[in-house]
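S.K.: This is the content of my_file-v4.txt (compact mmCIF, N, CA and C atoms and all ligand atoms):
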```txt
# COMPACT_ATOMS: atom_id res chain seq x y z
N MET A 1 -43.76 77.24 -68.90
CA MET A 1 -42.45 77.79 -68.52
C MET A 1 -42.35 77.84 -67.00
N ALA A 2 -41.22 77.40 -66.50
CA ALA A 2 -41.03 77.36 -65.05
C ALA A 2 -40.81 78.77 -64.50
N ASP A 3 -41.28 78.97 -63.30
CA ASP A 3 -41.06 80.24 -62.62
C ASP A 3 -39.63 80.25 -62.11
N ILE A 4 -38.78 81.14 -62.65
CA ILE A 4 -37.36 81.14 -62.26
C ILE A 4 -37.08 82.11 -61.12
N ALA A 5 -38.04 82.98 -60.79
CA ALA A 5 -37.81 83.92 -59.69
C ALA A 5 -37.94 83.15 -58.37
N PRO A 6 -36.88 83.17 -57.55
CA PRO A 6 -36.97 82.44 -56.28
C PRO A 6 -37.98 83.10 -55.36
N ALA A 7 -38.78 82.27 -54.69
CA ALA A 7 -39.74 82.80 -53.73
C ALA A 7 -38.98 83.28 -52.50
N ASP A 8 -39.47 84.34 -51.91
CA ASP A 8 -38.87 84.82 -50.66
C ASP A 8 -39.19 83.81 -49.57
N PRO A 9 -38.18 83.17 -48.98
CA PRO A 9 -38.46 82.16 -47.96
C PRO A 9 -39.12 82.73 -46.71
N LYS A 10 -39.06 84.07 -46.55
CA LYS A 10 -39.68 84.69 -45.37
C LYS A 10 -41.15 84.99 -45.60
N GLN A 11 -41.63 84.90 -46.86
CA GLN A 11 -43.00 85.30 -47.17
C GLN A 11 -44.04 84.56 -46.32
N PRO A 12 -43.92 83.23 -46.12
CA PRO A 12 -44.92 82.56 -45.28
C PRO A 12 -44.97 83.12 -43.85
N ALA A 13 -43.82 83.54 -43.33
CA ALA A 13 -43.80 84.13 -41.98
C ALA A 13 -44.50 85.48 -41.97
N TYR A 14 -44.23 86.31 -43.01
CA TYR A 14 -44.92 87.60 -43.09
C TYR A 14 -46.43 87.38 -43.16
N GLU A 15 -46.84 86.46 -43.99
CA GLU A 15 -48.28 86.21 -44.17
C GLU A 15 -48.92 85.70 -42.88
N ALA A 16 -48.20 84.87 -42.14
CA ALA A 16 -48.74 84.37 -40.87
C ALA A 16 -48.92 85.50 -39.87
N VAL A 17 -47.95 86.43 -39.84
CA VAL A 17 -48.05 87.57 -38.91
C VAL A 17 -49.20 88.48 -39.34
N PHE A 18 -49.30 88.76 -40.64
CA PHE A 18 -50.41 89.61 -41.11
C PHE A 18 -51.76 88.97 -40.79
N ALA A 19 -51.86 87.66 -40.97
CA ALA A 19 -53.12 86.96 -40.68
C ALA A 19 -53.45 87.07 -39.20
N TYR A 20 -52.42 86.94 -38.36
CA TYR A 20 -52.65 87.08 -36.91
C TYR A 20 -53.10 88.50 -36.58
N ILE A 21 -52.40 89.50 -37.16
CA ILE A 21 -52.76 90.90 -36.89
C ILE A 21 -54.21 91.17 -37.32
N ARG A 22 -54.57 90.67 -38.51
CA ARG A 22 -55.94 90.90 -39.01
C ARG A 22 -56.98 90.22 -38.12
N SER A 23 -56.58 89.14 -37.43
CA SER A 23 -57.55 88.41 -36.59
C SER A 23 -57.79 89.11 -35.25
N GLN A 24 -57.00 90.15 -34.95
CA GLN A 24 -57.12 90.81 -33.66
C GLN A 24 -58.19 91.91 -33.70
N PRO A 25 -58.78 92.19 -32.54
CA PRO A 25 -59.76 93.28 -32.49
C PRO A 25 -59.09 94.63 -32.74
N ASP A 26 -59.88 95.62 -33.11
CA ASP A 26 -59.32 96.94 -33.42
C ASP A 26 -58.68 97.60 -32.20
N ALA A 27 -59.21 97.35 -31.01
CA ALA A 27 -58.69 98.00 -29.81
C ALA A 27 -57.37 97.35 -29.39
N LEU A 28 -56.41 98.20 -29.04
CA LEU A 28 -55.13 97.68 -28.55
C LEU A 28 -55.32 97.11 -27.15
N PRO A 29 -54.54 96.09 -26.79
CA PRO A 29 -54.61 95.59 -25.42
C PRO A 29 -54.28 96.70 -24.43
N ALA A 30 -54.93 96.67 -23.29
CA ALA A 30 -54.80 97.77 -22.33
C ALA A 30 -53.52 97.69 -21.51
N THR A 31 -52.99 96.48 -21.31
CA THR A 31 -51.84 96.35 -20.42
C THR A 31 -50.60 95.89 -21.19
N THR A 32 -49.45 96.15 -20.60
CA THR A 32 -48.18 95.72 -21.18
C THR A 32 -48.14 94.19 -21.33
N VAL A 33 -48.65 93.50 -20.31
CA VAL A 33 -48.65 92.04 -20.36
C VAL A 33 -49.47 91.55 -21.56
N GLU A 34 -50.63 92.15 -21.77
CA GLU A 34 -51.47 91.74 -22.91
C GLU A 34 -50.80 92.10 -24.24
N ARG A 35 -50.16 93.27 -24.31
CA ARG A 35 -49.47 93.65 -25.55
C ARG A 35 -48.30 92.71 -25.82
N ASN A 36 -47.54 92.37 -24.76
CA ASN A 36 -46.42 91.43 -24.94
C ASN A 36 -46.92 90.07 -25.41
N ALA A 37 -48.03 89.62 -24.84
CA ALA A 37 -48.58 88.33 -25.24
C ALA A 37 -48.96 88.36 -26.72
N MET A 38 -49.53 89.49 -27.16
CA MET A 38 -49.92 89.64 -28.56
C MET A 38 -48.68 89.56 -29.46
N ILE A 39 -47.62 90.24 -29.07
CA ILE A 39 -46.38 90.23 -29.86
C ILE A 39 -45.81 88.81 -29.93
N TRP A 40 -45.80 88.13 -28.78
CA TRP A 40 -45.25 86.77 -28.78
C TRP A 40 -46.09 85.81 -29.61
N ARG A 41 -47.42 86.01 -29.62
CA ARG A 41 -48.25 85.16 -30.48
C ARG A 41 -47.92 85.41 -31.95
N ALA A 42 -47.62 86.65 -32.31
CA ALA A 42 -47.23 86.96 -33.69
C ALA A 42 -45.87 86.32 -34.01
N VAL A 43 -44.95 86.37 -33.04
CA VAL A 43 -43.64 85.74 -33.24
C VAL A 43 -43.80 84.24 -33.46
N HIS A 44 -44.64 83.62 -32.64
CA HIS A 44 -44.86 82.17 -32.80
C HIS A 44 -45.50 81.85 -34.15
N ALA A 45 -46.41 82.70 -34.60
CA ALA A 45 -47.02 82.48 -35.91
C ALA A 45 -45.96 82.52 -37.00
N ALA A 46 -45.02 83.50 -36.88
CA ALA A 46 -43.95 83.62 -37.88
C ALA A 46 -43.02 82.41 -37.83
N LEU A 47 -42.64 82.00 -36.63
CA LEU A 47 -41.71 80.87 -36.49
C LEU A 47 -42.35 79.58 -36.98
N ASN A 48 -43.65 79.41 -36.73
CA ASN A 48 -44.32 78.20 -37.19
C ASN A 48 -44.43 78.15 -38.71
N ALA A 49 -44.47 79.33 -39.35
CA ALA A 49 -44.62 79.38 -40.80
C ALA A 49 -43.29 79.37 -41.53
N ALA A 50 -42.20 79.69 -40.83
CA ALA A 50 -40.88 79.78 -41.48
C ALA A 50 -40.39 78.39 -41.85
N PRO A 51 -39.58 78.31 -42.90
CA PRO A 51 -39.02 77.01 -43.27
C PRO A 51 -38.17 76.46 -42.13
N PRO A 52 -38.19 75.17 -41.91
CA PRO A 52 -37.43 74.60 -40.81
C PRO A 52 -35.93 74.77 -41.02
N ALA A 53 -35.23 75.04 -39.95
CA ALA A 53 -33.78 75.26 -40.02
C ALA A 53 -33.03 74.09 -40.64
N PRO A 54 -33.43 72.83 -40.40
CA PRO A 54 -32.66 71.73 -41.00
C PRO A 54 -32.59 71.80 -42.52
N ALA A 55 -33.58 72.44 -43.17
CA ALA A 55 -33.54 72.52 -44.62
C ALA A 55 -32.28 73.25 -45.08
N VAL A 56 -31.89 74.31 -44.36
CA VAL A 56 -30.70 75.06 -44.73
C VAL A 56 -29.45 74.20 -44.53
N SER A 57 -29.37 73.51 -43.40
CA SER A 57 -28.17 72.70 -43.16
C SER A 57 -28.10 71.53 -44.13
N GLU A 58 -29.28 71.00 -44.52
CA GLU A 58 -29.26 69.92 -45.51
C GLU A 58 -28.74 70.42 -46.86
N ARG A 59 -29.15 71.64 -47.24
CA ARG A 59 -28.66 72.20 -48.51
C ARG A 59 -27.16 72.49 -48.41
N LEU A 60 -26.70 72.98 -47.27
CA LEU A 60 -25.27 73.23 -47.10
C LEU A 60 -24.48 71.94 -47.22
N ALA A 61 -24.96 70.86 -46.62
CA ALA A 61 -24.27 69.57 -46.71
C ALA A 61 -24.22 69.10 -48.17
N LEU A 62 -25.31 69.34 -48.91
CA LEU A 62 -25.33 68.95 -50.33
C LEU A 62 -24.28 69.76 -51.11
N VAL A 63 -24.24 71.06 -50.87
CA VAL A 63 -23.28 71.91 -51.58
C VAL A 63 -21.85 71.52 -51.21
N GLU A 64 -21.62 71.24 -49.94
CA GLU A 64 -20.27 70.83 -49.52
C GLU A 64 -19.86 69.52 -50.20
N SER A 65 -20.79 68.59 -50.32
CA SER A 65 -20.42 67.32 -50.97
C SER A 65 -20.20 67.54 -52.46
N LEU A 66 -20.96 68.46 -53.08
CA LEU A 66 -20.72 68.78 -54.49
C LEU A 66 -19.33 69.39 -54.67
N VAL A 67 -18.97 70.34 -53.79
CA VAL A 67 -17.65 70.97 -53.88
C VAL A 67 -16.57 69.90 -53.71
N ALA A 68 -16.75 69.01 -52.74
CA ALA A 68 -15.77 67.95 -52.51
C ALA A 68 -15.60 67.09 -53.76
N ASP A 69 -16.70 66.84 -54.46
CA ASP A 69 -16.61 66.05 -55.70
C ASP A 69 -15.89 66.82 -56.80
N PHE A 70 -16.05 68.14 -56.83
CA PHE A 70 -15.44 68.94 -57.89
C PHE A 70 -13.96 69.21 -57.65
N VAL A 71 -13.53 69.23 -56.41
CA VAL A 71 -12.16 69.63 -56.09
C VAL A 71 -11.17 68.64 -56.70
N ASP A 72 -10.19 69.20 -57.39
CA ASP A 72 -9.13 68.38 -57.97
C ASP A 72 -8.17 67.97 -56.85
N PRO A 73 -7.90 66.67 -56.70
CA PRO A 73 -7.00 66.24 -55.61
C PRO A 73 -5.55 66.68 -55.84
N ASP A 74 -5.18 67.02 -57.07
CA ASP A 74 -3.80 67.46 -57.31
C ASP A 74 -3.57 68.79 -56.61
N PRO A 75 -2.37 68.96 -56.04
CA PRO A 75 -2.09 70.21 -55.32
C PRO A 75 -1.95 71.39 -56.29
N CYS A 76 -2.22 72.57 -55.77
CA CYS A 76 -1.98 73.79 -56.53
C CYS A 76 -0.46 73.96 -56.70
N TRP A 77 -0.06 74.53 -57.82
CA TRP A 77 1.32 75.02 -57.93
C TRP A 77 1.29 76.34 -58.65
N PHE A 78 2.09 77.23 -58.12
CA PHE A 78 1.96 78.64 -58.48
C PHE A 78 3.15 79.14 -59.29
N ASP A 79 2.85 79.99 -60.27
CA ASP A 79 3.92 80.64 -61.03
C ASP A 79 4.39 81.89 -60.29
N HIS A 80 5.29 82.64 -60.90
CA HIS A 80 5.87 83.81 -60.22
C HIS A 80 4.84 84.91 -59.96
N HIS A 81 3.67 84.85 -60.61
CA HIS A 81 2.60 85.82 -60.31
C HIS A 81 1.74 85.36 -59.14
N GLY A 82 1.92 84.11 -58.72
CA GLY A 82 1.06 83.55 -57.69
C GLY A 82 -0.20 82.92 -58.27
N TYR A 83 -0.22 82.73 -59.62
CA TYR A 83 -1.36 82.10 -60.27
C TYR A 83 -1.19 80.59 -60.22
N CYS A 84 -2.30 79.87 -60.03
CA CYS A 84 -2.24 78.42 -59.95
C CYS A 84 -2.17 77.84 -61.37
N GLN A 85 -1.03 77.26 -61.68
CA GLN A 85 -0.85 76.66 -63.00
C GLN A 85 -1.50 75.28 -63.07
N ALA A 86 -1.62 74.60 -61.93
CA ALA A 86 -2.23 73.26 -61.93
C ALA A 86 -3.69 73.31 -62.35
N HIS A 87 -4.37 74.40 -61.98
CA HIS A 87 -5.80 74.47 -62.23
C HIS A 87 -6.18 75.62 -63.17
N GLY A 88 -5.17 76.26 -63.78
CA GLY A 88 -5.47 77.31 -64.74
C GLY A 88 -6.14 78.52 -64.14
N TRP A 89 -5.80 78.85 -62.88
CA TRP A 89 -6.44 79.99 -62.20
C TRP A 89 -5.50 81.18 -62.23
N VAL A 90 -5.89 82.24 -62.97
CA VAL A 90 -5.03 83.40 -63.11
C VAL A 90 -5.55 84.53 -62.23
N GLY A 91 -5.34 84.38 -60.95
CA GLY A 91 -5.73 85.41 -60.00
C GLY A 91 -5.18 85.04 -58.64
N THR A 92 -5.09 86.03 -57.78
CA THR A 92 -4.60 85.77 -56.43
C THR A 92 -5.62 86.19 -55.36
N ASP A 93 -6.59 87.00 -55.75
CA ASP A 93 -7.57 87.45 -54.77
C ASP A 93 -8.94 87.52 -55.42
N PRO A 94 -9.71 86.49 -55.42
CA PRO A 94 -9.48 85.27 -54.65
C PRO A 94 -8.52 84.33 -55.37
N GLY A 95 -7.92 83.47 -54.59
CA GLY A 95 -6.98 82.50 -55.13
C GLY A 95 -7.71 81.32 -55.75
N CYS A 96 -6.90 80.35 -56.15
CA CYS A 96 -7.45 79.17 -56.83
C CYS A 96 -8.58 78.54 -56.00
N PRO A 97 -9.73 78.30 -56.61
CA PRO A 97 -10.86 77.74 -55.86
C PRO A 97 -10.58 76.33 -55.33
N HIS A 98 -9.73 75.59 -56.01
CA HIS A 98 -9.39 74.25 -55.50
C HIS A 98 -8.64 74.39 -54.17
N GLY A 99 -7.70 75.32 -54.10
CA GLY A 99 -6.97 75.55 -52.85
C GLY A 99 -7.87 76.09 -51.76
N ARG A 100 -8.77 77.02 -52.14
CA ARG A 100 -9.68 77.57 -51.13
C ARG A 100 -10.60 76.50 -50.58
N ALA A 101 -11.09 75.62 -51.44
CA ALA A 101 -11.97 74.53 -50.98
C ALA A 101 -11.21 73.60 -50.03
N LYS A 102 -9.97 73.30 -50.38
CA LYS A 102 -9.16 72.42 -49.51
C LYS A 102 -8.89 73.10 -48.17
N ASP A 103 -8.67 74.43 -48.21
CA ASP A 103 -8.46 75.16 -46.94
C ASP A 103 -9.69 75.05 -46.03
N LEU A 104 -10.87 74.90 -46.63
CA LEU A 104 -12.10 74.76 -45.85
C LEU A 104 -12.38 73.31 -45.47
N GLY A 105 -11.45 72.40 -45.85
CA GLY A 105 -11.64 71.00 -45.51
C GLY A 105 -12.66 70.31 -46.39
N LEU A 106 -12.90 70.85 -47.61
CA LEU A 106 -13.93 70.31 -48.48
C LEU A 106 -13.38 69.34 -49.51
N GLU A 107 -12.15 68.90 -49.31
CA GLU A 107 -11.56 67.93 -50.24
C GLU A 107 -12.12 66.56 -49.94
N GLU A 108 -12.44 65.83 -50.99
CA GLU A 108 -12.92 64.47 -50.80
C GLU A 108 -11.77 63.62 -50.24
N THR A 109 -12.06 62.88 -49.20
CA THR A 109 -11.02 62.06 -48.58
C THR A 109 -11.15 60.62 -49.06
N GLU A 110 -10.00 59.96 -49.13
CA GLU A 110 -10.00 58.55 -49.51
C GLU A 110 -10.63 57.76 -48.38
N GLU A 111 -11.48 56.81 -48.74
CA GLU A 111 -12.05 55.94 -47.70
C GLU A 111 -10.99 54.95 -47.25
N ALA A 112 -10.94 54.79 -45.95
CA ALA A 112 -9.96 53.87 -45.39
C ALA A 112 -10.33 52.44 -45.80
N THR A 113 -9.32 51.70 -46.22
CA THR A 113 -9.57 50.30 -46.57
C THR A 113 -9.32 49.42 -45.36
N PRO A 114 -10.20 48.49 -45.11
CA PRO A 114 -10.04 47.64 -43.92
C PRO A 114 -8.83 46.71 -44.03
ZN ZN B 201 -5.08 75.33 -57.76
```
Please express the file's structure as structure tokens.

M.R.:
Amino acid sequence: MADIAPADPKQPAYEAVFAYIRSQPDALPATTVERNAMIWRAVHAALNAAPPAPAVSERLALVESLVADFVDPDPCWFDHHGYCQAHGWVGTDPGCPHGRAKDLGLEETEEATP
């Protein structure tokens, strides 16, 4: 059976900081400069262990392209309640998801023909 609980993406950073802390001597550094250096080494350990930022933007691009594929190109049309009859959306807050996606520019565009 697959593990369905999502792993905390920050966990590797926490573990890297704890490992750094455990590697330090029991005595605290005597000077502010040494204490600051220790803190910055812990920050670097966390940043090196954290998932790379491009992974998030790559997932966002994937989700945006999925939304663009799902969006119905037909325009919304609303009844007297403000419900979208074109897409069967009976609510106004939030409004029709097709309209909201188009407002975000997530509508699939026709490729220009040469
Ligand atoms: Zn709609």

S.K.: Could you list the protein, DNA and RNA residues that have any atom within 6.5 Å of ligand ZN 201 (chain B), counting only N, CA and C atoms and all ligand atoms, and write them as JSON, numbers by chain?

M.R.: {"A": [75, 76, 77, 84, 85, 86, 87, 88, 89, 96, 97, 98, 99]}

S.K.: So the first atom is atom N of A:Lys10 and the second is atom C of A:Asn48; what is the distance between them in Å, to one decimal place?

M.R.: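 Separation of atom N of A:Lys10 and atom C of A:Asn48: 11.2 Å.
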
S.K.: Which is closer to A:Ile21 than all the others in A:Ala7, A:Leu60, A:Ala42, A:Val71, using all atoms listed in the file?

M.R.: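 Ranked by minimum distance to A:Ile21, first place goes to A:Ala42.
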
S.K.: Nearest to A:Pro73 among A:Asp103, A:Glu58, A:Glu34, A:Glu108, with distances taken over all atoms listed in the file: which residue is it?

M.R.: A:Glu108

S.K.: Can you work out the spacing between atom N of A:Ser57 and atom N of A:Phe18 in Å, to one decimal?

M.R.: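 A separation of 25.2 Å between them.
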